[in-house]
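Here is the file data_21.cif (mmCIF, C-alpha atoms and all ligand atoms).
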```
data_target
#
loop_
_atom_site.label_atom_id
_atom_site.label_comp_id
_atom_site.auth_asym_id
_atom_site.auth_seq_id
_atom_site.Cartn_x
_atom_site.Cartn_y
_atom_site.Cartn_z
CA MET N 1 174.92 -94.35 3.55
CA ARG N 2 171.90 -95.59 5.50
CA SER N 3 168.93 -96.69 3.38
CA ILE N 4 166.11 -94.12 3.33
CA ALA N 5 163.58 -96.98 2.95
CA VAL N 6 164.94 -98.64 6.12
CA GLN N 7 164.96 -95.29 7.97
CA LYS N 8 161.32 -94.74 7.07
CA GLY N 9 160.45 -98.31 8.09
CA VAL N 10 159.19 -99.13 4.56
CA VAL N 11 161.48 -102.17 4.54
CA GLN N 12 163.02 -104.10 7.37
CA PRO N 13 166.82 -104.24 7.51
CA GLY N 14 167.90 -107.17 5.32
CA LYS N 15 168.55 -110.49 7.00
CA ARG N 16 172.01 -111.96 6.61
CA LEU N 17 171.55 -115.28 4.80
CA SER N 18 174.08 -117.96 3.95
CA ALA N 19 175.15 -118.15 0.27
CA ASP N 20 173.10 -121.33 -0.23
CA ASP N 21 170.00 -119.81 1.34
CA ARG N 22 170.37 -116.69 -0.79
CA MET N 23 170.61 -118.78 -3.96
CA LEU N 24 167.51 -120.77 -2.98
CA ASP N 25 165.74 -117.51 -2.27
CA TYR N 26 166.61 -116.14 -5.74
CA LEU N 27 165.48 -119.35 -7.45
CA LYS N 28 162.19 -119.28 -5.58
CA GLN N 29 161.65 -115.64 -6.55
CA ILE N 30 162.46 -116.31 -10.22
CA PHE N 31 160.00 -119.22 -10.28
CA GLU N 32 157.27 -117.15 -8.63
CA ALA N 33 157.94 -114.21 -10.95
CA GLY N 34 157.63 -116.46 -14.04
CA THR N 35 154.28 -117.80 -12.84
CA ALA N 36 152.97 -114.33 -11.95
CA LEU N 37 154.10 -112.74 -15.24
CA ALA N 38 152.47 -115.47 -17.34
CA GLU N 39 149.03 -114.54 -15.97
CA ILE N 40 149.23 -110.82 -16.75
CA ASP N 41 147.17 -109.52 -19.68
CA ASN N 42 147.83 -105.79 -19.74
CA ILE N 43 150.89 -103.56 -19.72
CA SER N 44 150.20 -101.42 -16.65
CA HIS N 45 149.58 -104.52 -14.51
CA LEU N 46 152.82 -105.96 -15.85
CA LEU N 47 154.82 -102.84 -15.01
CA GLU N 48 153.45 -102.69 -11.48
CA LYS N 49 154.08 -106.38 -10.87
CA VAL N 50 157.58 -106.27 -12.33
CA ALA N 51 158.56 -103.18 -10.34
CA LYS N 52 157.44 -104.83 -7.09
CA ILE N 53 159.19 -108.12 -7.90
CA ALA N 54 162.40 -106.36 -8.95
CA VAL N 55 162.56 -104.25 -5.79
CA VAL N 56 162.15 -107.33 -3.59
CA MET N 57 164.50 -109.48 -5.63
CA GLY N 58 167.16 -106.78 -5.92
CA SER N 59 166.59 -105.86 -2.28
CA CYS N 60 166.66 -102.23 -3.32
CA GLU N 61 164.87 -98.89 -3.01
CA GLY N 62 163.84 -98.33 -6.58
CA CYS N 63 163.35 -99.69 -10.05
CA SER N 64 162.70 -98.30 -13.55
CA ILE N 65 161.44 -100.17 -16.60
CA LEU N 66 162.31 -98.98 -20.11
CA SER N 67 161.29 -100.52 -23.40
CA SER N 68 163.32 -100.34 -26.60
CA ASN N 69 162.50 -100.06 -30.29
CA ASN N 70 166.23 -100.45 -31.09
CA LYS N 71 166.67 -96.73 -31.78
CA GLU N 72 165.34 -95.31 -28.56
CA LEU N 73 164.51 -96.25 -25.02
CA GLU N 74 161.16 -95.26 -23.57
CA PHE N 75 160.71 -94.83 -19.83
CA LEU N 76 157.51 -96.71 -19.00
CA ALA N 77 157.38 -96.76 -15.21
CA SER N 78 159.32 -96.50 -12.01
CA LEU N 79 158.87 -97.39 -8.38
CA ASN N 80 160.70 -95.84 -5.46
CA ILE N 81 159.79 -97.25 -2.07
CA GLY N 82 162.06 -94.85 -0.18
CA MET N 83 160.26 -91.71 -1.38
CA SER N 84 156.76 -90.53 -0.59
CA GLY N 85 154.55 -87.97 -2.34
CA ASP N 86 154.86 -87.26 -6.05
CA ALA N 87 158.37 -88.70 -6.30
CA GLY N 88 157.57 -91.97 -4.54
CA GLY N 89 155.45 -95.03 -5.18
CA MET N 90 154.56 -96.30 -8.62
CA GLN N 91 154.83 -93.80 -11.47
CA TYR N 92 153.80 -94.34 -15.10
CA PHE N 93 155.24 -92.25 -17.90
CA SER N 94 154.42 -91.57 -21.50
CA ASN N 95 156.68 -90.09 -24.14
CA ILE N 96 159.85 -89.91 -22.06
CA ILE N 97 162.30 -90.99 -24.73
CA LEU N 98 166.06 -91.43 -24.47
CA PRO N 99 168.31 -91.99 -27.46
CA ILE N 100 170.29 -95.22 -27.28
CA ASN N 101 173.87 -94.04 -26.86
CA SER N 102 176.67 -94.42 -24.35
CA LYS N 103 176.09 -91.06 -22.66
CA THR N 104 173.62 -92.41 -20.11
CA ILE N 105 173.84 -95.46 -17.88
CA VAL N 106 170.76 -97.14 -19.36
CA GLY N 107 171.85 -96.15 -22.89
CA HIS N 108 175.27 -97.70 -22.34
CA CYS N 109 173.62 -100.87 -21.03
CA ALA N 110 171.34 -100.95 -24.11
CA ILE N 111 174.22 -100.48 -26.56
CA THR N 112 176.53 -103.05 -25.01
CA LYS N 113 173.66 -105.43 -24.09
CA LYS N 114 175.61 -106.13 -20.92
CA ILE N 115 174.75 -105.68 -17.26
CA LEU N 116 176.19 -102.49 -15.85
CA SER N 117 176.68 -102.46 -12.09
CA ILE N 118 177.80 -99.17 -10.56
CA ASP N 119 178.75 -99.02 -6.88
CA ASP N 120 178.38 -95.25 -6.53
CA VAL N 121 177.07 -93.07 -9.36
CA TYR N 122 178.79 -90.02 -7.85
CA LYS N 123 182.17 -91.73 -8.13
CA LEU N 124 182.13 -92.94 -11.72
CA PRO N 125 185.46 -94.04 -13.19
CA ALA N 126 187.27 -91.25 -15.05
CA ASP N 127 187.26 -93.23 -18.32
CA ALA N 128 183.48 -93.85 -18.29
CA ASN N 129 181.64 -92.40 -21.34
CA TYR N 130 178.40 -92.24 -19.49
CA SER N 131 177.49 -89.85 -16.71
CA TYR N 132 174.85 -89.76 -14.03
CA ASN N 133 172.15 -87.10 -14.30
CA SER N 134 171.68 -85.93 -10.71
CA GLN N 135 168.73 -83.62 -11.47
CA TRP N 136 166.11 -85.99 -10.01
CA ASP N 137 168.17 -86.47 -6.83
CA GLU N 138 168.53 -82.68 -6.37
CA GLU N 139 164.86 -81.98 -7.02
CA ASN N 140 163.70 -84.67 -4.62
CA ASN N 141 166.36 -84.47 -1.93
CA TYR N 142 167.33 -88.04 -2.66
CA ARG N 143 170.70 -89.68 -3.12
CA CYS N 144 171.11 -92.43 -5.63
CA GLU N 145 174.23 -94.46 -4.95
CA SER N 146 174.34 -97.95 -6.44
CA ILE N 147 172.71 -98.77 -9.77
CA LEU N 148 172.23 -102.01 -11.64
CA ALA N 149 171.17 -101.68 -15.29
CA ILE N 150 170.16 -104.97 -16.91
CA PRO N 151 169.39 -105.37 -20.62
CA MET N 152 166.19 -107.28 -21.47
CA LEU N 153 167.05 -109.61 -24.33
CA ASP N 154 165.09 -112.19 -26.29
CA SER N 155 166.50 -115.61 -27.22
CA LYS N 156 168.20 -114.08 -30.30
CA GLN N 157 169.85 -111.43 -28.13
CA ASN N 158 167.65 -108.66 -29.55
CA LEU N 159 167.25 -105.76 -27.16
CA LEU N 160 163.72 -105.46 -25.72
CA GLY N 161 164.40 -102.91 -23.00
CA VAL N 162 166.35 -102.14 -19.86
CA LEU N 163 165.55 -102.82 -16.21
CA GLU N 164 167.27 -100.47 -13.81
CA LEU N 165 167.54 -101.08 -10.07
CA ILE N 166 168.56 -98.37 -7.63
CA ASN N 167 170.22 -98.44 -4.19
CA HIS N 168 170.71 -102.02 -3.02
CA ILE N 169 170.01 -102.39 0.71
CA SER N 170 172.38 -104.52 2.74
CA GLY N 171 171.50 -104.61 6.41
CA GLU N 172 170.53 -100.98 7.03
CA ASP N 173 172.85 -99.45 4.47
CA ILE N 174 173.01 -98.77 0.75
CA ALA N 175 175.62 -101.03 -0.82
CA PRO N 176 176.78 -102.21 -4.26
CA PHE N 177 174.57 -104.87 -5.89
CA PRO N 178 176.16 -108.25 -5.08
CA ALA N 179 177.69 -110.09 -8.05
CA GLU N 180 175.92 -113.35 -7.18
CA MET N 181 172.55 -111.65 -7.79
CA LEU N 182 173.28 -110.61 -11.36
CA GLU N 183 172.50 -113.88 -13.15
CA TYR N 184 169.11 -114.17 -11.44
CA ILE N 185 168.18 -110.60 -12.21
CA ARG N 186 169.23 -111.21 -15.82
CA VAL N 187 166.74 -114.11 -16.05
CA LEU N 188 164.02 -111.89 -14.58
CA ALA N 189 164.81 -109.04 -17.01
CA ASN N 190 164.62 -111.36 -20.02
CA GLN N 191 161.29 -112.80 -18.87
CA VAL N 192 159.93 -109.30 -18.40
CA GLY N 193 161.17 -108.21 -21.82
CA ILE N 194 159.43 -111.07 -23.60
CA VAL N 195 156.11 -110.61 -21.78
CA LEU N 196 156.31 -106.85 -22.39
CA LYS N 197 157.00 -107.32 -26.10
CA ASN N 198 154.08 -109.77 -26.46
CA LEU N 199 151.72 -107.40 -24.67
CA GLN N 200 152.91 -104.43 -26.76
CA GLN N 201 152.31 -106.41 -29.97
CA ALA N 202 148.86 -107.51 -28.78
CA GLU N 203 148.02 -103.89 -27.92
CA GLU N 204 149.23 -102.70 -31.32
CA LEU N 205 147.08 -105.34 -33.02
CA ARG N 206 144.10 -104.33 -30.90
CA ARG N 207 144.65 -100.66 -31.75
CA SER N 208 144.88 -101.27 -35.49
CA ARG N 209 141.81 -103.54 -35.40
CA TYR N 210 139.91 -100.84 -33.47
CA GLU N 211 140.90 -98.17 -35.99
CA THR N 212 139.93 -100.37 -38.96
CA VAL N 213 136.50 -101.09 -37.51
CA MET N 214 135.96 -97.43 -36.62
CA GLN N 215 136.82 -96.35 -40.16
CA PHE N 216 134.37 -98.92 -41.52
CA VAL N 217 131.61 -97.80 -39.15
CA LYS N 218 132.23 -94.14 -39.93
CA ALA N 219 132.10 -94.89 -43.66
CA CYS N 220 128.71 -96.58 -43.12
CA GLU N 221 127.39 -93.68 -41.05
CA TYR N 222 129.09 -90.70 -42.71
CA ARG N 223 125.77 -89.31 -43.95
CA ASP N 224 124.55 -88.99 -40.38
CA HIS N 225 126.24 -85.72 -39.34
CA ASP N 226 124.45 -85.53 -36.00
CA MET N 227 126.19 -88.58 -34.60
CA HIS N 228 129.32 -86.81 -33.34
CA GLY N 229 131.21 -89.27 -31.10
CA HIS N 230 128.12 -91.52 -30.87
CA ILE N 231 129.82 -94.75 -31.91
CA GLU N 232 132.81 -94.19 -29.62
CA ARG N 233 130.50 -93.51 -26.67
CA ILE N 234 128.30 -96.55 -27.43
CA GLY N 235 131.42 -98.75 -27.48
CA GLU N 236 132.66 -97.38 -24.15
CA TYR N 237 129.27 -97.47 -22.39
CA SER N 238 128.71 -101.05 -23.55
CA ALA N 239 132.15 -102.13 -22.31
CA ILE N 240 131.43 -100.54 -18.90
CA LEU N 241 128.16 -102.47 -18.49
CA PHE N 242 129.73 -105.68 -19.79
CA GLN N 243 132.59 -105.36 -17.32
CA LYS N 244 130.18 -104.74 -14.42
CA LEU N 245 128.35 -107.93 -15.36
CA GLY N 246 131.61 -109.81 -14.75
CA TYR N 247 132.93 -110.34 -18.27
CA THR N 248 136.71 -110.52 -18.75
CA THR N 249 138.88 -107.68 -20.08
CA GLU N 250 139.21 -109.49 -23.42
CA GLU N 251 135.43 -110.00 -23.68
CA CYS N 252 134.91 -106.32 -22.85
CA ASN N 253 137.38 -105.32 -25.58
CA ILE N 254 135.36 -107.39 -28.07
CA MET N 255 132.12 -105.85 -26.81
CA ARG N 256 133.55 -102.32 -27.08
CA LEU N 257 134.18 -102.83 -30.77
CA ALA N 258 131.15 -104.99 -31.62
CA ALA N 259 128.75 -102.41 -30.12
CA THR N 260 130.00 -99.76 -32.55
CA LEU N 261 128.60 -101.89 -35.41
CA HIS N 262 124.98 -101.69 -34.21
CA ASP N 263 123.79 -99.29 -36.92
CA VAL N 264 125.95 -100.25 -39.93
CA GLY N 265 122.73 -101.38 -41.64
CA LYS N 266 121.76 -97.69 -41.93
CA ILE N 267 123.92 -97.62 -45.04
CA SER N 268 120.83 -99.04 -46.81
CA ILE N 269 118.46 -96.26 -45.65
CA PRO N 270 117.71 -93.46 -48.15
CA ASP N 271 118.82 -89.92 -47.20
CA ALA N 272 115.22 -88.65 -47.33
CA ILE N 273 114.40 -90.90 -44.38
CA LEU N 274 117.73 -91.00 -42.52
CA LYS N 275 118.10 -87.20 -42.49
CA LYS N 276 114.43 -86.27 -42.16
CA PRO N 277 114.16 -83.63 -39.43
CA GLY N 278 110.51 -84.33 -38.56
CA ILE N 279 108.65 -87.43 -37.39
CA LEU N 280 108.71 -90.40 -39.78
CA THR N 281 105.50 -91.64 -41.39
CA PRO N 282 104.53 -95.28 -40.57
CA GLU N 283 105.86 -96.38 -43.98
CA GLU N 284 109.12 -94.51 -43.49
CA ARG N 285 109.49 -95.99 -40.00
CA LEU N 286 109.17 -99.51 -41.43
CA ILE N 287 111.94 -98.75 -43.95
CA MET N 288 114.10 -97.29 -41.16
CA GLN N 289 113.57 -100.44 -39.08
CA GLU N 290 115.08 -102.54 -41.87
CA HIS N 291 118.54 -101.32 -40.80
CA ALA N 292 118.59 -103.96 -38.04
CA ALA N 293 118.18 -106.93 -40.38
CA CYS N 294 120.37 -105.28 -43.01
CA GLY N 295 123.25 -104.78 -40.53
CA HIS N 296 122.87 -108.39 -39.41
CA GLU N 297 123.08 -109.57 -43.00
CA MET N 298 126.19 -107.46 -43.67
CA LEU N 299 128.03 -108.97 -40.71
CA THR N 300 126.76 -112.57 -40.82
CA GLY N 301 129.15 -115.28 -41.96
CA ALA N 302 132.28 -113.74 -40.45
CA GLU N 303 134.42 -116.00 -38.28
CA SER N 304 135.80 -113.48 -35.79
CA PRO N 305 134.08 -113.39 -32.37
CA MET N 306 133.88 -109.59 -32.66
CA LEU N 307 132.00 -109.61 -35.99
CA LYS N 308 129.76 -112.46 -34.79
CA MET N 309 128.86 -110.39 -31.75
CA GLY N 310 128.41 -107.34 -34.00
CA ALA N 311 125.90 -109.28 -36.14
CA ILE N 312 123.85 -110.20 -33.05
CA ILE N 313 123.91 -106.62 -31.80
CA ALA N 314 122.88 -105.20 -35.18
CA LEU N 315 119.83 -107.49 -35.20
CA MET N 316 118.87 -107.18 -31.53
CA HIS N 317 119.50 -103.59 -30.46
CA HIS N 318 115.90 -102.45 -31.10
CA GLU N 319 114.24 -105.37 -29.30
CA LYS N 320 112.54 -104.37 -26.03
CA TRP N 321 112.43 -106.20 -22.69
CA ASP N 322 108.58 -106.32 -22.79
CA GLY N 323 108.51 -107.84 -26.31
CA THR N 324 107.28 -104.74 -28.17
CA GLY N 325 110.50 -104.05 -30.09
CA TYR N 326 111.61 -105.05 -33.58
CA PRO N 327 112.37 -106.96 -35.80
CA ASN N 328 111.41 -110.18 -33.96
CA LYS N 329 109.50 -108.95 -30.89
CA LEU N 330 111.74 -110.98 -28.58
CA ALA N 331 111.25 -110.42 -24.84
CA GLY N 332 113.28 -110.61 -21.60
CA LYS N 333 116.31 -112.84 -21.60
CA ASN N 334 115.42 -114.23 -25.03
CA ILE N 335 117.16 -111.08 -26.22
CA PRO N 336 120.92 -111.76 -25.99
CA ILE N 337 122.67 -109.68 -23.32
CA GLU N 338 124.73 -107.85 -25.95
CA GLY N 339 121.50 -106.66 -27.64
CA ARG N 340 119.97 -105.61 -24.31
CA ILE N 341 123.08 -103.61 -23.44
CA VAL N 342 123.25 -101.72 -26.73
CA ALA N 343 119.47 -101.10 -26.55
CA ILE N 344 119.86 -99.16 -23.31
CA VAL N 345 123.10 -97.30 -24.07
CA ASP N 346 121.88 -96.33 -27.55
CA VAL N 347 118.74 -94.69 -26.13
CA PHE N 348 120.73 -93.16 -23.26
CA ASP N 349 123.13 -91.57 -25.72
CA ALA N 350 120.37 -90.40 -28.07
CA LEU N 351 118.55 -88.69 -25.17
CA CYS N 352 121.57 -86.79 -23.94
CA SER N 353 122.75 -85.74 -27.43
CA ARG N 354 121.33 -83.33 -29.98
CA ARG N 355 119.72 -84.89 -33.06
CA CYS N 356 118.26 -83.35 -36.22
CA TYR N 357 114.80 -83.88 -34.73
CA LYS N 358 115.49 -82.87 -31.07
CA GLU N 359 117.71 -80.98 -28.63
CA SER N 360 119.76 -82.78 -25.95
CA TRP N 361 117.99 -83.42 -22.66
CA PRO N 362 119.22 -82.45 -19.16
CA MET N 363 120.99 -85.43 -17.55
CA GLU N 364 118.51 -85.79 -14.66
CA LYS N 365 115.64 -86.09 -17.14
CA VAL N 366 117.63 -88.69 -19.11
CA TYR N 367 118.20 -90.84 -16.01
CA GLU N 368 114.53 -90.46 -14.99
CA THR N 369 113.34 -91.58 -18.42
CA ILE N 370 115.65 -94.61 -18.39
CA GLU N 371 114.32 -95.50 -14.92
CA GLN N 372 110.70 -95.18 -16.07
CA ASP N 373 111.39 -97.59 -18.93
CA SER N 374 112.93 -100.25 -16.64
CA GLY N 375 111.12 -103.53 -17.27
CA LYS N 376 109.40 -102.05 -20.34
CA HIS N 377 112.02 -101.06 -22.90
CA PHE N 378 115.04 -102.04 -20.83
CA ASP N 379 116.38 -104.95 -18.78
CA PRO N 380 115.85 -103.84 -15.11
CA GLU N 381 119.25 -105.19 -14.05
CA LEU N 382 120.99 -103.07 -16.69
CA VAL N 383 119.01 -99.99 -15.67
CA LYS N 384 120.28 -100.49 -12.12
CA ILE N 385 123.89 -100.91 -13.27
CA LEU N 386 123.67 -97.88 -15.54
CA GLN N 387 122.34 -95.75 -12.66
CA GLU N 388 125.27 -96.95 -10.52
CA SER N 389 127.74 -96.13 -13.30
CA ARG N 390 126.91 -92.42 -13.68
CA GLN N 391 130.46 -91.30 -12.97
CA GLU N 392 131.99 -93.64 -15.56
CA PHE N 393 129.36 -92.62 -18.14
CA GLU N 394 130.07 -88.93 -17.48
CA ALA N 395 133.79 -89.57 -18.00
CA VAL N 396 133.03 -91.13 -21.40
CA ARG N 397 130.93 -88.09 -22.38
CA GLU N 398 133.82 -85.84 -21.42
CA LYS N 399 136.22 -87.87 -23.51
CA TYR N 400 133.91 -88.05 -26.55
CA PRO N 401 131.64 -84.99 -26.22
CA PRO N 402 128.49 -84.85 -28.35
CA HIS N 403 127.48 -81.70 -30.30
CA LYS N 404 126.01 -79.16 -27.94
FE FE N 501 119.64 -98.74 -34.69
FE FE N 502 123.01 -95.75 -32.47
#
```

What is this structure when it is put down as structure tokens?
Amino acid sequence: MRSIAVQKGVVQPGKRLSADDRMLDYLKQIFEAGTALAEIDNISHLLEKVAKIAVVMGSCEGCSILSSNNKELEFLASLNIGMSGDAGGMQYFSNIILPINSKTIVGHCAITKKILSIDDVYKLPADANYSYNSQWDEENNYRCESILAIPMLDSKQNLLGVLELINHISGEDIAPFPAEMLEYIRVLANQVGIVLKNLQQAEELRRSRYETVMQFVKACEYRDHDMHGHIERIGEYSAILFQKLGYTTEECNIMRLAATLHDVGKISIPDAILKKPGILTPEERLIMQEHAACGHEMLTGAESPMLKMGAIIALMHHEKWDGTGYPNKLAGKNIPIEGRIVAIVDVFDALCSRRCYKESWPMEKVYETIEQDSGKHFDPELVKILQESRQEFEAVREKYPPHK
């Protein structure tokens, strides 16, 4: 069968190399893959990179990546360079789970922890337990022929997932995956499995840390019923501005969480003041302003970069660019960038949300007001970035809508 990817001109017909040259080529690709994988810090980048590397290294039309929790396999992503439209290109999946058993090709590979190379899935041996599900082929007018399923194993031979390659291209035709390739692909699969597992663990840790902090913040602010989604939005808005200023993904993750701590000091404010529907008296306003120093005190002394940043934000988020804010009347760049960011996003969010003392404002009026306060309340550079980020800010409001 002629390769669909070659027919469409997506790949050039494979060159015929000598055995030595092919081996050198594999070694070079393994080395490059190891270097590239080591630099990746998030799962979707990893999946995209791996899929591209695997398709080149396997000289094939497609690739799927599945992770394992030892009971089930989860389809994470696939790439098919022979197909266009919805069925082609890079696809990411969530919640496509397969039980680990011998009924499927990837399941059989996972159970045996051995490479399974099939020359033609429509001509499986009669004694094979597993079968090929041709539904995708029929729906997409595609024909899968050769498959290589490779278990991803750690150094203790624990299963981390399965890498599946589809339709090896030899010259212009689909052919079985060559035996000499298997050891190299096995090395690649194991590397991928380990990086994937590390990233999944880091993500799990990040998620549980995020949830812990959110529970803490919500406990501090539970009396403030008007704040629906406020802390989530402040975290997201702050991370957007931080990212646009050039901070790394990791720094933005820290910022996203630290920003949510800006008002934890409000735990010290009496209900009569915190929930007062009308305008505060000067004395009440002074008491309310104590939440900045109080929040700073609550968070000071912690070792984690996130809590350190949270302490700065708690203290600085009511300072103003022109030096008329509180508690220390700092001005301009003497206010740390984290404080300047939360100052602007906190006001932005308050203006476009309903509060016990006001209705929400129309968005145009909100943006106008922010613009008018550029260089007074807010850092002019941040005002500019916020105005340029309207779409991203709107997406956050859709995800975490305030009370209407
Ligand atoms: Fe505040
Ligand atoms: Fe706030």

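For the residues N:Glu388, N:Glu74, N:Glu145, N:Glu284, ranking by smallest atom-to-atom distance to Arg2 in chain N using all atoms listed in the file places N:Glu145 first.
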
Expected answer as a PyMOL selection string: residues within 7 Å of ligand FE 501 (chain N), only C-alpha atoms and all ligand atoms
chain N and resi 262-263+291-292+317-318

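Restricting the atom set to all atoms listed in the file, one finds that the residues within 8 Å of ligand FE 502 (chain N) amount to N:His230, N:Ile231, N:Ile234, N:His262, N:Asp263, N:Asp346, N:Val347, N:Asp349, N:Ala350.
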
Output C-alpha atoms for every residue in the selection just made, as a PDB file, keeping the file's coordinate frame.
```
ATOM      1  CA  HIS N 230     128.120 -91.520 -30.870  1.00  0.00           C
ATOM      2  CA  ILE N 231     129.820 -94.750 -31.910  1.00  0.00           C
ATOM      3  CA  ILE N 234     128.300 -96.550 -27.430  1.00  0.00           C
ATOM      4  CA  HIS N 262     124.980-101.690 -34.210  1.00  0.00           C
ATOM      5  CA  ASP N 263     123.790 -99.290 -36.920  1.00  0.00           C
ATOM      6  CA  ASP N 346     121.880 -96.330 -27.550  1.00  0.00           C
ATOM      7  CA  VAL N 347     118.740 -94.690 -26.130  1.00  0.00           C
ATOM      8  CA  ASP N 349     123.130 -91.570 -25.720  1.00  0.00           C
ATOM      9  CA  ALA N 350     120.370 -90.400 -28.070  1.00  0.00           C
TER      10      ALA N 350
END
```

Please list as a PyMOL selection string every residue within 12 Å of Lys308 in chain N, counting all atoms listed in the file and excluding residues in the same chain fewer than 2 positions away.
chain N and resi 254-255+257-259+261-262+295-306+310-315+338

Export, as a PDB file, in the coordinates of the input, the selected residues with C-alpha atoms.
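Done, and the output landed in out.pdb:
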```pdb
ATOM      1  CA  ILE N 254     135.360-107.390 -28.070  1.00  0.00           C
ATOM      2  CA  MET N 255     132.120-105.850 -26.810  1.00  0.00           C
ATOM      3  CA  LEU N 257     134.180-102.830 -30.770  1.00  0.00           C
ATOM      4  CA  ALA N 258     131.150-104.990 -31.620  1.00  0.00           C
ATOM      5  CA  ALA N 259     128.750-102.410 -30.120  1.00  0.00           C
ATOM      6  CA  LEU N 261     128.600-101.890 -35.410  1.00  0.00           C
ATOM      7  CA  HIS N 262     124.980-101.690 -34.210  1.00  0.00           C
ATOM      8  CA  GLY N 295     123.250-104.780 -40.530  1.00  0.00           C
ATOM      9  CA  HIS N 296     122.870-108.390 -39.410  1.00  0.00           C
ATOM     10  CA  GLU N 297     123.080-109.570 -43.000  1.00  0.00           C
ATOM     11  CA  MET N 298     126.190-107.460 -43.670  1.00  0.00           C
ATOM     12  CA  LEU N 299     128.030-108.970 -40.710  1.00  0.00           C
ATOM     13  CA  THR N 300     126.760-112.570 -40.820  1.00  0.00           C
ATOM     14  CA  GLY N 301     129.150-115.280 -41.960  1.00  0.00           C
ATOM     15  CA  ALA N 302     132.280-113.740 -40.450  1.00  0.00           C
ATOM     16  CA  GLU N 303     134.420-116.000 -38.280  1.00  0.00           C
ATOM     17  CA  SER N 304     135.800-113.480 -35.790  1.00  0.00           C
ATOM     18  CA  PRO N 305     134.080-113.390 -32.370  1.00  0.00           C
ATOM     19  CA  MET N 306     133.880-109.590 -32.660  1.00  0.00           C
ATOM     20  CA  GLY N 310     128.410-107.340 -34.000  1.00  0.00           C
ATOM     21  CA  ALA N 311     125.900-109.280 -36.140  1.00  0.00           C
ATOM     22  CA  ILE N 312     123.850-110.200 -33.050  1.00  0.00           C
ATOM     23  CA  ILE N 313     123.910-106.620 -31.800  1.00  0.00           C
ATOM     24  CA  ALA N 314     122.880-105.200 -35.180  1.00  0.00           C
ATOM     25  CA  LEU N 315     119.830-107.490 -35.200  1.00  0.00           C
ATOM     26  CA  GLU N 338     124.730-107.850 -25.950  1.00  0.00           C
TER      27      GLU N 338
END
```

Of the residues N:His45, N:Lys320, N:Arg206, N:Lys123, which is the one nearest to Tyr92 in chain N, using only C-alpha atoms?
N:His45

As an exercise, work out the distance from CA of Lys49 in chain N to CA of Lys113 in chain N in Å and give it to one decimal place.
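Distance reported for this atom pair: 23.6 Å.
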
Find, counting all atoms listed in the file, the residue in N:Met363, N:Val345, N:Ile111, N:Met1 that gets nearest to Asp173 in chain N.
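Between N:Met363, N:Val345, N:Ile111, N:Met1, the residue approaching Asp173 in chain N most closely is N:Met1.
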
Hey, which of N:Asn70, N:Ser131, N:Val187, N:Phe393 ends up closest to Phe31 in chain N? Count all atoms listed in the file.
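With all atoms listed in the file as the atom set, the closest residue is N:Val187.
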
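Distances here use only C-alpha atoms; by that measure, the residue among N:Pro336, N:Gly246, N:Gly229, N:Gly171 closest to Val396 in chain N is N:Gly229.
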
Nearest residue to Ala175 in chain N out of N:Ser78, N:Asn198, N:Asn129, N:Ser59, using only C-alpha atoms?
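Closest residue, counting only C-alpha atoms: N:Ser59.
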
Name the residues in contact with Glu32 in chain N at a cut-off of 12 Å, using all atoms listed in the file, excluding same-chain residues fewer than 4 positions from it; report them as a ChimeraX atom specification.
/N:25-28,36-39,49-50,53-54,57,188,191

What is the distance between CA of Ala331 in chain N and CA of Ile344 in chain N, in Å to one decimal?
14.3 Å

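Rounded to one decimal, CA of Pro151 in chain N and CA of Ile30 in chain N lie 16.6 Å from each other.
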